Every structure is written in structure tokens, then in C-alpha cells.
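Student: I'm passing along entry.cif; it holds mmCIF, C-alpha atoms and all ligand atoms.
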```cif
data_data
loop_
_atom_site.label_atom_id
_atom_site.label_comp_id
_atom_site.auth_asym_id
_atom_site.auth_seq_id
_atom_site.Cartn_x
_atom_site.Cartn_y
_atom_site.Cartn_z
CA MET A 277 12.81 -19.18 35.47
CA ILE A 278 9.40 -20.03 36.93
CA GLN A 279 7.58 -22.98 35.45
CA MET A 280 4.43 -21.91 33.60
CA LEU A 281 1.28 -23.37 35.11
CA PRO A 282 -1.07 -24.26 32.21
CA TYR A 283 -4.75 -23.21 32.21
CA GLY A 284 -5.77 -26.78 31.35
CA ARG A 285 -4.10 -30.12 30.83
CA GLN A 286 -4.86 -33.82 30.58
CA SER A 287 -4.55 -36.30 33.45
CA ILE A 288 -3.01 -39.58 32.25
CA SER A 289 -2.69 -42.59 34.57
CA GLU A 290 -0.63 -45.78 34.27
CA GLU A 291 -3.93 -47.54 33.62
CA ASP A 292 -4.58 -45.25 30.64
CA ILE A 293 -1.14 -46.08 29.24
CA GLU A 294 -1.74 -49.81 29.69
CA ALA A 295 -5.14 -49.57 28.00
CA VAL A 296 -3.58 -47.98 24.91
CA THR A 297 -0.58 -50.31 24.71
CA ALA A 298 -2.91 -53.32 24.97
CA ILE A 299 -4.57 -52.14 21.75
CA LEU A 300 -1.17 -51.91 20.02
CA ARG A 301 -0.56 -55.57 20.86
CA GLY A 302 -4.00 -56.62 19.59
CA ASP A 303 -5.67 -57.18 16.22
CA TRP A 304 -7.52 -53.90 15.74
CA LEU A 305 -6.04 -50.45 15.53
CA THR A 306 -9.22 -48.81 14.32
CA THR A 307 -13.01 -49.36 14.13
CA GLY A 308 -12.79 -52.47 16.30
CA PRO A 309 -14.28 -53.52 19.64
CA ALA A 310 -12.83 -50.58 21.60
CA VAL A 311 -14.75 -48.10 19.42
CA THR A 312 -18.01 -49.97 20.06
CA ALA A 313 -17.32 -50.25 23.79
CA PHE A 314 -16.46 -46.53 24.02
CA GLU A 315 -19.60 -45.52 22.12
CA ASN A 316 -21.72 -47.71 24.41
CA ALA A 317 -20.12 -46.15 27.49
CA ILE A 318 -20.70 -42.62 26.14
CA SER A 319 -24.31 -43.53 25.40
CA GLU A 320 -24.80 -44.81 28.95
CA LEU A 321 -23.34 -41.62 30.40
CA THR A 322 -25.46 -39.31 28.26
CA GLY A 323 -28.98 -40.66 28.58
CA GLY A 324 -28.92 -43.91 26.60
CA HIS A 325 -29.17 -42.37 23.13
CA ARG A 326 -27.15 -43.37 20.05
CA ALA A 327 -23.56 -42.19 20.38
CA VAL A 328 -21.18 -41.99 17.41
CA SER A 329 -17.51 -41.37 18.16
CA CYS A 330 -15.34 -39.29 15.83
CA THR A 331 -12.00 -37.55 15.43
CA SER A 332 -12.75 -34.22 17.16
CA GLY A 333 -15.39 -31.97 18.63
CA THR A 334 -15.29 -30.04 15.37
CA ALA A 335 -15.97 -33.23 13.39
CA ALA A 336 -18.83 -33.96 15.82
CA LEU A 337 -20.40 -30.57 15.07
CA HIS A 338 -20.02 -31.12 11.32
CA MET A 339 -21.65 -34.58 11.65
CA ALA A 340 -24.43 -33.27 13.89
CA TYR A 341 -25.39 -30.47 11.50
CA ALA A 342 -25.16 -32.88 8.55
CA GLY A 343 -27.25 -35.42 10.48
CA LEU A 344 -29.89 -32.75 11.04
CA GLY A 345 -29.90 -31.99 7.31
CA VAL A 346 -28.54 -28.44 7.59
CA GLY A 347 -27.92 -26.85 4.19
CA PRO A 348 -28.29 -23.74 2.05
CA GLY A 349 -31.38 -21.68 2.91
CA ASP A 350 -31.32 -22.80 6.55
CA GLU A 351 -30.56 -20.57 9.51
CA VAL A 352 -28.68 -21.76 12.58
CA VAL A 353 -29.10 -19.65 15.70
CA THR A 354 -26.16 -19.82 18.06
CA THR A 355 -24.15 -18.01 20.72
CA PRO A 356 -21.14 -15.84 19.96
CA MET A 357 -19.53 -16.92 23.26
CA THR A 358 -18.00 -20.15 21.98
CA PHE A 359 -15.19 -21.67 20.00
CA VAL A 360 -15.65 -20.78 16.34
CA ALA A 361 -16.42 -24.39 15.30
CA THR A 362 -19.94 -24.21 16.78
CA ALA A 363 -20.77 -21.73 14.02
CA SER A 364 -18.32 -22.63 11.25
CA CYS A 365 -19.48 -26.26 10.96
CA ALA A 366 -22.98 -25.05 10.05
CA ALA A 367 -21.65 -22.26 7.81
CA ILE A 368 -19.54 -24.77 5.85
CA LEU A 369 -22.76 -26.68 5.04
CA GLY A 370 -24.24 -23.50 3.55
CA ALA A 371 -26.38 -22.31 6.47
CA LYS A 372 -26.70 -18.69 7.53
CA ILE A 373 -25.47 -18.15 11.07
CA VAL A 374 -27.64 -15.95 13.29
CA PHE A 375 -26.11 -14.90 16.60
CA ALA A 376 -28.23 -14.51 19.73
CA ASP A 377 -26.69 -12.68 22.67
CA VAL A 378 -25.82 -14.33 25.98
CA GLU A 379 -27.12 -13.71 29.49
CA ASP A 380 -25.04 -11.13 31.30
CA ASP A 381 -24.20 -13.35 34.29
CA THR A 382 -23.79 -16.90 32.89
CA ALA A 383 -22.54 -16.07 29.36
CA LEU A 384 -24.99 -18.75 28.14
CA ILE A 385 -27.28 -18.18 25.15
CA ASP A 386 -30.27 -16.10 26.30
CA PRO A 387 -33.61 -17.75 25.39
CA ALA A 388 -35.20 -14.30 25.07
CA ALA A 389 -32.55 -13.31 22.50
CA VAL A 390 -33.17 -16.58 20.65
CA GLU A 391 -36.92 -15.93 20.67
CA ALA A 392 -36.26 -12.56 19.02
CA VAL A 393 -34.31 -13.95 16.04
CA VAL A 394 -35.96 -17.29 15.14
CA THR A 395 -37.83 -17.51 11.82
CA ASP A 396 -39.45 -20.30 9.81
CA ARG A 397 -36.02 -20.80 8.24
CA THR A 398 -34.41 -21.65 11.61
CA LYS A 399 -33.21 -25.24 11.36
CA VAL A 400 -31.15 -25.54 14.54
CA ILE A 401 -30.80 -23.65 17.80
CA ALA A 402 -27.26 -24.45 18.93
CA ALA A 403 -26.46 -23.73 22.58
CA VAL A 404 -23.07 -24.10 24.25
CA ASP A 405 -22.67 -25.18 27.87
CA TYR A 406 -20.02 -22.51 28.37
CA ALA A 407 -17.43 -23.37 31.05
CA GLY A 408 -19.34 -26.60 31.82
CA HIS A 409 -22.61 -25.00 32.96
CA PRO A 410 -25.61 -26.34 30.97
CA ALA A 411 -27.71 -23.79 29.09
CA ASP A 412 -31.46 -23.43 29.72
CA TYR A 413 -32.83 -26.22 27.52
CA ASP A 414 -36.34 -26.16 29.02
CA ALA A 415 -36.61 -22.61 27.70
CA LEU A 416 -34.90 -23.29 24.35
CA GLN A 417 -36.72 -26.49 23.33
CA PRO A 418 -40.24 -24.96 23.15
CA ILE A 419 -38.89 -22.15 20.94
CA ALA A 420 -37.34 -24.76 18.62
CA ASP A 421 -40.51 -26.87 18.62
CA ARG A 422 -42.68 -23.87 17.74
CA VAL A 423 -40.65 -22.97 14.63
CA GLY A 424 -39.95 -26.57 13.59
CA ALA A 425 -36.26 -26.44 14.49
CA LYS A 426 -34.04 -28.83 16.45
CA THR A 427 -31.86 -28.06 19.46
CA LEU A 428 -28.14 -28.81 19.59
CA ASP A 429 -26.01 -28.82 22.73
CA ASP A 430 -22.33 -28.17 22.04
CA ALA A 431 -21.24 -29.95 25.22
CA ALA A 432 -17.50 -29.74 24.56
CA HIS A 433 -17.17 -28.27 28.08
CA SER A 434 -19.90 -30.04 30.00
CA VAL A 435 -19.85 -33.82 29.64
CA GLY A 436 -20.59 -35.25 33.07
CA GLY A 437 -22.83 -32.34 34.04
CA PHE A 438 -26.57 -32.33 34.81
CA TYR A 439 -29.51 -29.96 34.28
CA ARG A 440 -32.69 -30.48 36.33
CA GLY A 441 -31.57 -34.04 37.09
CA ARG A 442 -30.95 -34.96 33.45
CA PRO A 443 -27.42 -35.72 32.18
CA VAL A 444 -25.71 -33.70 29.47
CA GLY A 445 -26.50 -35.65 26.30
CA ASP A 446 -30.17 -35.85 27.24
CA LEU A 447 -30.83 -32.10 27.16
CA ALA A 448 -31.06 -31.26 23.45
CA ASP A 449 -32.09 -33.16 20.31
CA VAL A 450 -28.42 -33.60 19.42
CA THR A 451 -25.32 -33.19 21.59
CA THR A 452 -21.68 -32.92 20.57
CA LEU A 453 -18.67 -33.73 22.75
CA SER A 454 -14.93 -33.02 22.45
CA PHE A 455 -12.14 -35.13 23.88
CA PHE A 456 -9.30 -32.65 23.24
CA PRO A 457 -6.62 -32.86 25.99
CA THR A 458 -7.86 -29.83 27.94
CA LYS A 459 -11.49 -31.04 28.01
CA ASN A 460 -13.20 -33.06 30.75
CA LEU A 461 -11.82 -36.33 29.40
CA THR A 462 -9.44 -36.96 26.52
CA THR A 463 -8.71 -39.35 23.67
CA GLY A 464 -5.89 -37.10 22.33
CA GLU A 465 -8.06 -35.72 19.56
CA GLY A 466 -11.62 -37.00 19.56
CA GLY A 467 -15.30 -36.29 19.89
CA ALA A 468 -18.78 -37.78 19.72
CA VAL A 469 -22.31 -37.05 18.58
CA VAL A 470 -25.25 -38.13 20.75
CA ALA A 471 -28.64 -38.11 19.01
CA LYS A 472 -32.09 -38.68 20.49
CA ASP A 473 -33.57 -39.50 17.06
CA PRO A 474 -32.01 -42.76 15.78
CA ALA A 475 -32.38 -41.55 12.18
CA VAL A 476 -30.24 -38.49 12.96
CA GLY A 477 -27.71 -40.72 14.71
CA GLN A 478 -27.56 -43.02 11.69
CA LYS A 479 -27.11 -40.08 9.32
CA ALA A 480 -24.29 -38.71 11.49
CA HIS A 481 -22.75 -42.18 11.53
CA GLU A 482 -22.86 -42.52 7.74
CA PHE A 483 -21.48 -38.98 7.28
CA HIS A 484 -18.43 -39.88 9.39
CA PHE A 485 -18.01 -43.17 7.43
CA ILE A 486 -17.64 -41.71 3.90
CA GLY A 487 -21.41 -41.98 3.39
CA LEU A 488 -21.21 -45.75 2.97
CA VAL A 489 -24.53 -47.61 3.20
CA ARG A 490 -24.10 -51.25 4.22
CA ASP A 491 -27.68 -52.35 4.89
CA PRO A 492 -28.81 -54.55 1.92
CA ASP A 493 -32.44 -53.53 2.54
CA ARG A 494 -31.51 -49.97 1.53
CA PHE A 495 -29.38 -50.77 -1.53
CA GLU A 496 -30.32 -49.02 -4.76
CA ILE A 497 -27.87 -51.22 -6.69
CA THR A 498 -28.98 -54.85 -6.48
CA GLY A 499 -27.41 -58.08 -7.67
CA GLU A 500 -23.84 -57.30 -6.66
CA GLY A 501 -22.16 -59.55 -4.09
CA PRO A 502 -21.36 -59.74 -0.38
CA TRP A 503 -18.61 -57.14 -0.90
CA HIS A 504 -21.07 -54.49 -1.93
CA GLN A 505 -21.57 -51.16 -0.16
CA GLU A 506 -22.78 -47.95 -1.76
CA VAL A 507 -22.91 -44.19 -1.21
CA HIS A 508 -26.19 -42.23 -1.24
CA GLU A 509 -24.90 -38.97 0.23
CA HIS A 510 -21.34 -37.64 0.41
CA GLY A 511 -19.48 -38.12 3.65
CA LEU A 512 -16.02 -37.86 5.19
CA ASN A 513 -13.73 -40.14 7.17
CA TYR A 514 -14.06 -38.89 10.76
CA ARG A 515 -13.65 -42.31 12.41
CA LEU A 516 -12.05 -42.53 15.85
CA THR A 517 -9.40 -45.23 16.29
CA ASP A 518 -9.43 -48.15 18.73
CA LEU A 519 -6.26 -46.65 20.22
CA ALA A 520 -8.07 -43.42 21.05
CA SER A 521 -11.23 -45.23 22.16
CA ALA A 522 -9.29 -47.37 24.62
CA LEU A 523 -7.87 -44.20 26.15
CA GLY A 524 -11.37 -42.73 26.30
CA LEU A 525 -12.81 -45.82 27.99
CA SER A 526 -10.05 -45.77 30.58
CA GLN A 527 -10.53 -42.01 31.16
CA LEU A 528 -14.28 -42.47 31.64
CA LYS A 529 -13.55 -44.50 34.79
CA ARG A 530 -12.12 -41.33 36.34
CA LEU A 531 -14.61 -38.81 34.94
CA ALA A 532 -16.48 -38.59 38.25
CA ASP A 533 -13.20 -37.93 40.09
CA PHE A 534 -12.19 -35.35 37.51
CA LYS A 535 -15.52 -33.57 37.96
CA LYS A 536 -15.21 -33.68 41.75
CA ARG A 537 -11.77 -32.08 41.66
CA ARG A 538 -12.90 -29.43 39.16
CA THR A 539 -15.84 -28.65 41.48
CA GLU A 540 -13.47 -28.31 44.47
CA ILE A 541 -11.19 -25.96 42.59
CA THR A 542 -14.16 -23.85 41.48
CA ALA A 543 -15.39 -23.63 45.09
CA ARG A 544 -11.93 -22.60 46.28
CA TYR A 545 -11.63 -19.85 43.67
CA ASN A 546 -15.22 -18.69 44.31
CA GLU A 547 -14.63 -18.41 48.03
CA ALA A 548 -11.36 -16.56 47.65
CA PHE A 549 -12.59 -14.08 45.03
CA ALA A 550 -16.13 -13.42 46.34
CA SER A 551 -14.98 -10.48 48.43
CA VAL A 552 -12.31 -9.13 46.09
CA ASP A 553 -13.31 -5.80 44.56
CA GLY A 554 -12.54 -5.70 40.88
CA LEU A 555 -13.31 -9.38 40.25
CA ARG A 556 -16.57 -11.10 39.39
CA THR A 557 -16.93 -14.85 39.92
CA PRO A 558 -18.91 -17.17 37.60
CA ALA A 559 -22.67 -17.46 38.19
CA GLN A 560 -24.33 -20.80 38.79
CA ARG A 561 -28.06 -21.54 38.47
CA ASP A 562 -29.72 -23.56 41.25
CA ASP A 563 -31.06 -26.29 38.94
CA VAL A 564 -27.73 -27.34 37.41
CA ASP A 565 -24.85 -29.54 38.47
CA PRO A 566 -22.07 -28.26 36.21
CA ALA A 567 -18.98 -30.17 35.11
CA TRP A 568 -16.70 -27.13 35.37
CA HIS A 569 -14.28 -27.13 32.45
CA LEU A 570 -13.17 -23.49 32.72
CA TYR A 571 -12.96 -21.05 35.60
CA PRO A 572 -13.92 -17.79 33.88
CA VAL A 573 -13.23 -14.92 36.26
CA ARG A 574 -14.12 -11.39 35.18
CA VAL A 575 -11.71 -8.52 35.74
CA LEU A 576 -13.63 -5.26 36.10
CA GLY A 577 -12.59 -1.66 35.52
CA GLY A 578 -10.96 -2.17 32.12
CA ARG A 579 -7.98 -3.96 33.63
CA ARG A 580 -8.27 -7.37 31.93
CA ARG A 581 -5.28 -6.99 29.57
CA GLU A 582 -2.97 -5.67 32.31
CA VAL A 583 -3.98 -8.43 34.74
CA PHE A 584 -3.68 -11.09 32.02
CA ASP A 585 -0.16 -9.98 31.11
CA ASN A 586 0.89 -9.87 34.77
CA LEU A 587 -0.51 -13.35 35.46
CA ARG A 588 1.45 -14.72 32.49
CA ALA A 589 4.56 -12.90 33.71
CA ALA A 590 4.07 -14.60 37.09
CA GLY A 591 4.09 -18.01 35.42
CA ILE A 592 0.32 -18.52 35.47
CA GLY A 593 -0.76 -19.72 32.04
CA VAL A 594 -4.13 -18.03 31.76
CA GLN A 595 -6.27 -17.98 28.62
CA VAL A 596 -9.21 -15.95 27.28
CA ASN A 597 -12.34 -17.83 26.16
CA TYR A 598 -13.66 -16.52 23.78
CA ILE A 599 -13.41 -13.72 21.25
CA PRO A 600 -17.02 -13.24 20.05
CA VAL A 601 -17.33 -15.57 17.06
CA TYR A 602 -18.56 -12.86 14.65
CA TRP A 603 -15.39 -10.80 15.30
CA HIS A 604 -13.44 -13.42 13.34
CA PRO A 605 -12.66 -11.94 9.92
CA VAL A 606 -14.52 -14.78 8.18
CA PHE A 607 -17.74 -13.40 9.72
CA ALA A 608 -16.76 -9.71 9.95
CA ASN A 609 -15.83 -9.62 6.25
CA ALA A 610 -19.26 -11.10 5.48
CA GLY A 611 -20.94 -8.12 7.15
CA TYR A 612 -21.41 -9.13 10.80
CA GLN A 613 -20.95 -5.92 12.80
CA ARG A 614 -19.35 -5.35 16.16
CA GLY A 615 -21.96 -4.38 18.73
CA LEU A 616 -24.33 -7.17 17.61
CA CYS A 617 -24.27 -8.96 20.98
CA PRO A 618 -23.32 -6.45 23.70
CA ASN A 619 -23.38 -8.91 26.62
CA ALA A 620 -20.99 -11.28 24.85
CA GLU A 621 -18.67 -8.40 23.95
CA GLN A 622 -18.69 -7.09 27.52
CA PHE A 623 -18.01 -10.59 28.85
CA TYR A 624 -15.13 -11.04 26.40
CA SER A 625 -13.59 -7.71 27.45
CA GLU A 626 -13.43 -8.85 31.09
CA GLU A 627 -12.85 -12.62 30.97
CA ILE A 628 -9.76 -14.58 32.01
CA SER A 629 -9.75 -18.40 32.29
CA LEU A 630 -7.71 -19.38 35.33
CA PRO A 631 -5.84 -22.70 35.61
CA MET A 632 -8.42 -25.49 35.99
CA PHE A 633 -7.62 -29.18 35.63
CA PRO A 634 -7.86 -32.26 37.87
CA ASP A 635 -4.16 -32.53 38.73
CA LEU A 636 -3.93 -28.90 39.86
CA THR A 637 -2.77 -29.00 43.50
CA ASP A 638 -4.18 -26.93 46.34
CA SER A 639 -0.89 -25.06 46.54
CA ASP A 640 -1.13 -24.24 42.80
CA VAL A 641 -4.65 -22.94 43.40
CA ASP A 642 -3.45 -20.88 46.36
CA ARG A 643 -0.66 -19.38 44.26
CA VAL A 644 -3.17 -18.35 41.58
CA ILE A 645 -5.47 -16.85 44.23
CA GLU A 646 -2.68 -14.90 45.94
CA THR A 647 -1.22 -13.64 42.68
CA LEU A 648 -4.52 -12.51 41.19
CA THR A 649 -5.76 -10.95 44.43
CA LYS A 650 -2.55 -8.93 44.75
CA LEU A 651 -2.74 -7.84 41.08
CA VAL A 652 -6.23 -6.38 41.33
CA SER A 653 -5.96 -4.73 44.74
C1 LIG B 701 -13.07 -27.61 22.05
C2 LIG B 701 -14.36 -27.10 21.51
C3 LIG B 701 -14.86 -27.48 20.26
C4 LIG B 701 -14.06 -28.25 19.26
O1 LIG B 701 -13.53 -29.42 19.73
P1 LIG B 701 -12.16 -30.01 19.09
O2 LIG B 701 -12.13 -31.38 19.66
O3 LIG B 701 -11.05 -29.13 19.56
O4 LIG B 701 -12.33 -29.99 17.61
C5 LIG B 701 -16.13 -27.05 19.90
N1 LIG B 701 -16.85 -26.27 20.71
C6 LIG B 701 -16.40 -25.86 21.90
C7 LIG B 701 -17.28 -25.02 22.77
C8 LIG B 701 -15.13 -26.24 22.34
O5 LIG B 701 -14.67 -25.81 23.52
#
```
Translate the structure of the given file into C-alpha cells.
Ligand SMILES: *Cc1c(COP(=O)(O)O)cnc(C)c1O

Tutor:
Amino acid sequence: MIQMLPYGRQSISEEDIEAVTAILRGDWLTTGPAVTAFENAISELTGGHRAVSCTSGTAALHMAYAGLGVGPGDEVVTTPMTFVATASCAAILGAKIVFADVEDDTALIDPAAVEAVVTDRTKVIAAVDYAGHPADYDALQPIADRVGAKTLDDAAHSVGGFYRGRPVGDLADVTTLSFFPTKNLTTGEGGAVVAKDPAVGQKAHEFHFIGLVRDPDRFEITGEGPWHQEVHEHGLNYRLTDLASALGLSQLKRLADFKKRRTEITARYNEAFASVDGLRTPAQRDDVDPAWHLYPVRVLGGRRREVFDNLRAAGIGVQVNYIPVYWHPVFANAGYQRGLCPNAEQFYSEEISLPMFPDLTDSDVDRVIETLTKLVS
């Protein structure tokens, strides 16, 4: 029985374990100094804007859309080549989701496709830095500005990356991160919202804290006592714990190393597959420094399923990212038709995510290369 190589996994050091156990021995398990320190470190990494930590990347998207005031009557333009949460967190607030197709080579939202679907009801243009490669924000932002919308970067894949010299977190009006174990750094479950506008950051913060207002200057009820706090808008409890934040802080120390290793693995795969007929390697624009989260190789000639099954049979735990979001029955049953975004559908029909994580060894990478090359030739 061969051991299955996963497509992604966390890298946990002794230092990470010590950081978490130190919290267990301390006074705070949640919403203590580790949360503040982690949020400050995330802010520093992502352009110095307000960062609010939370329980997942999905929670971060919900908070970001709520912070931007998304509601019924609004339209949110997004890419179908993403995890469903990018769209569902706006839909759950009552917005209409409008899908814009992706570029054929990068699988990133195509600014020309966005241009074609924006209206005066567009509230947010939500891009995804698919695989860790930042989308084209200098093209998207002017479209948003013209129609009075905001930009959102779902950076679940790309924290640590750069676009035209600017860090992820500084590219869109609002950015969301995920710290799920397969992502670029982990807190177990976890996420964060980064907001350029402090008012949006504050709204996201209150939304993740049950909507509680604690600033006496804003109280509508006066004359209570020092215990008083009050709710102006409904919220949820999406607070990250000190335990998770301590893990995140410790992981951040190795983020640069993680990125370096992910870049090496990408280069190794690219070199090996460049000359293999039947495979297409991921595109990279000149003005970006990606934080590669996935290695999405494309299998040509209608052979994706066969190659996927054979890789799994060989003990290589590949994945497919992603089924076009509007194929999910929740969208399809609401009338979204197949064929809406042909580039995304073509990409989906060819894509396989190969093993990609910092602790992957060169011999693991070589085994993936040899196995896949043999399967397609
Ligand atoms: C992982 C992911 C999310 C959701 O993050 P969770 O932490 O798993 O809730 C959202 N968007 C994208 C693109 C993701 O990859």
C-alpha cells in the first residue's frame, strides 16, 4: 500500500506547538493579547490597513460584504473560478451574484468581462487571486470607481504575494484571508479582513462581535453604567481565539520561507512540464510576485478525468479547483445556465491541482513529475 501524498498540508514546527501551549498556560484563551498581536502583524504584512481576525475565510467574506453594506438590490460581480464562499457570502446577504468570465491563461477574473456586466447596482467587484497569483487590480479599480462600487480581493490563496510592488492586502478596497490548514499559513480554522477604509474595518469588526457597540460617544441609550454596550446592527460571533492567533503569529515567522519553497516547487514543475505535449503549465504575468498556493496544471485532449484517476491510483493526492461556482445546484436551480463563462468551464475541464506545500521534498516533486509525464505520453 503506497502512502497517499496530499495536494496540500500544513507545516507545524516545535515553535508553533510551544506558542500554542504557552497560551493554554496563560490567562486568556480568547480575545486577548495574542489576537491583537496577530491582527497587528497581519496589518503590517498587508499594507498597514486595519486587520480584523476571524474564524475562517468564509467568515471573513461574510464580514467584508457586511462591512461594505451589501444587501438586497445590490449586485456583486465575481469570478466563477473560486471556492463557492466568494459568491455565497454575498448571496446570503441578499445580493444578486453576477459572474464575469476569467482570462483563458491565468483563470483570473477578466477586467473586460467585468466591464461588460457592471451596472449602477454593482456594489462590489470581487476578484480572487486564484492559485496565489494576484488579479489585475489596476484594471479593476477604475471600473469599480466609475460605477461607484468597491473592490474586494479574496486573497485566500495569495497572502504574501505582490502586484506591481504592492503587497496583497493593499490591492483592493477590502481583502479577505483564510488560514485553513492547506493555505499559505494556518491557524487551524481562521481568517481575516483587511480594509483600507477604517469605517469598513470597524463595521466588519462589529459584525464579527455580535454587533456590539462599546464606544460611549455612539450610544443611543444613555444613563446606564460602565457595563453598558448596545447593538445597532445584527452581527455574529466570528471571533478568533488567542490559541489560534498564537499559532498564526508563530506561522507568520515562516511565511517567507513557505513562499520561497512554494516558488521553488512551482519552478520545478514548470521546467519539467514545459516541453510535455498534452500539459499546459500555469501562466504568470511579469508584474506580479505570486505566493503560489496551488499548482494548477492543465491536461489537454479531454484526458483530465483519466489522468486524475491514475494519479490518485499512484498515491498522488491530486485535487480539482474549482467547479464553476454557478454549476452548484444552489445557483443552477436559480436559473444560472451552463455556458455562461466558457473560459472558466474550459479551465475546469482541464485542471488538476498537483501536490504543493512547503514540506514537499524534491523527491516527492520528482515522483509527481515522473508519474504525470508517463501518464500523458
Ligand atoms: C479557502 C477559501 C475560502 C474559504 O476559506 P475557509 O477558511 O475555508 O472558510 C474562500 N475563498 C477561497 C478562494 C478559498 O480558497

Student: Quick one: residues within 7 Å of ligand LIG 701 (chain B), with only C-alpha atoms and all ligand atoms, as a ChimeraX atom specification?

Tutor: /A:332-335,358-359,361-362,404,406,430-433,454-456,465-467

Student: Check the smallest atom-to-atom distance from each of A:Glu291, A:Ala383, A:Arg530, A:Val444 to A:Tyr598 using only C-alpha atoms, then report the winner.

Tutor: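 Between A:Glu291, A:Ala383, A:Arg530, A:Val444, the residue approaching A:Tyr598 most closely is A:Ala383.
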
Student: Pick out the residues sitting within 8 Å of stretch 477-479 of chain A, and hand them over as a count of residues only; count only C-alpha atoms, and ignore anything fewer than 5 positions along from it in its own chain.

Tutor: 9

Student: Need the shell around stretch 385-402 of chain A: protein/DNA/RNA residues with any atom at most 6 Å away, counting all atoms listed in the file. Skip same-chain ones fewer than 2 positions apart. Format as a count of residues only?

Tutor: 17

Student: Atom CA of A:Asp642 and atom CA of A:Ala532, how far apart in Å?

Tutor: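 Computing the Euclidean distance for atom CA of A:Ala532 and atom CA of A:Asp642 yields 23.4 Å.
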
Student: Could you check the closest approach to A:Tyr624 for each of A:Glu320, A:Pro356, A:Asp565, A:Gly445 and tell me which residue wins, using only C-alpha atoms?

Tutor: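 Using only C-alpha atoms, the shortest distance to A:Tyr624 belongs to A:Pro356.
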
Student: Which one is closest to A:Asn316: A:Ser521, A:Ser434, A:Asn513, A:Asn460? Count only C-alpha atoms.

Tutor: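 Of A:Ser521, A:Ser434, A:Asn513, A:Asn460, the one nearest A:Asn316 is A:Ser521, counting only C-alpha atoms.
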
Student: Just the number, please: distance in Å from atom CA of A:Pro605 to atom CA of A:Ile373, one decimal.

Tutor: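 Answer for the atom CA of A:Pro605 to atom CA of A:Ile373 separation: 14.3 Å.
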
Student: So, counting all atoms listed in the file, which residue among A:Asp421, A:Asp533, A:Asp518, A:Asp553 is closest to A:Asp635?

Tutor: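 Selected residue with least distance to A:Asp635: A:Asp533.
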
Student: Quick one: everything within 9 Å of A:Met632, counting all atoms listed in the file, minus sequence neighbours fewer than 4 positions away in the same chain. Send it as a ChimeraX atom specification.

Tutor: /A:282-285,538,541-542,568-571,636,641

Student: May I have the residues within 8 Å of stretch 300-312 of chain A as a PyMOL selection string, using only C-alpha atoms and disregarding those fewer than 2 positions away in the same chain?

Tutor: chain A and resi 296-298+314-316+329+515-519+521-522+525

Student: Which residue is closest to A:Arg614? Choose from A:Ala475, A:Ile592, A:Ile599, A:Ile645 and count all atoms listed in the file.

Tutor: A:Ile599

Student: Go through A:Gly524, A:Pro600, A:Pro418, A:Pro410 and flag the residue nearest A:Thr463, using all atoms listed in the file for the distances.

Tutor: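 Checking each candidate against A:Thr463, we get A:Gly524 as the closest.
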
Student: List the spatial neighbours of stretch 575-579 of chain A as a list in words - criterion: any atom at most 9 Å away, only C-alpha atoms, same-chain residues fewer than 4 positions off excluded.

Tutor: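 That gives Asp553, Gly554, Leu555, Arg556, Val583, Phe584, Ser625, Glu626, Glu627, Ile628 and Val652 of chain A.
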
Student: Rounded to one decimal in Å, what is the spacing between atom CA of A:Leu651 and atom CA of A:Met280?

Tutor: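 These two atoms are separated by 17.5 Å.
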
Student: Kindly list the centre and edge lengths in Å, rounded to one decimal, for the axis-aligned box that covers all listed atoms of stretch 456-468 of chain A plus 5 Å on each of its six sides, as lines of an AutoDock Vina configuration file.

Tutor:
```
center_x = -12.3
center_y = -34.6
center_z = 25.2
size_x = 22.9
size_y = 19.5
size_z = 21.2
```

Student: I need every residue sitting at most 10 Å from the point (-31.1, -40.4, 29.0) (coordinates as in the file, only C-alpha atoms considered), written as a ChimeraX atom specification.

Tutor: /A:319-325,442-447,472
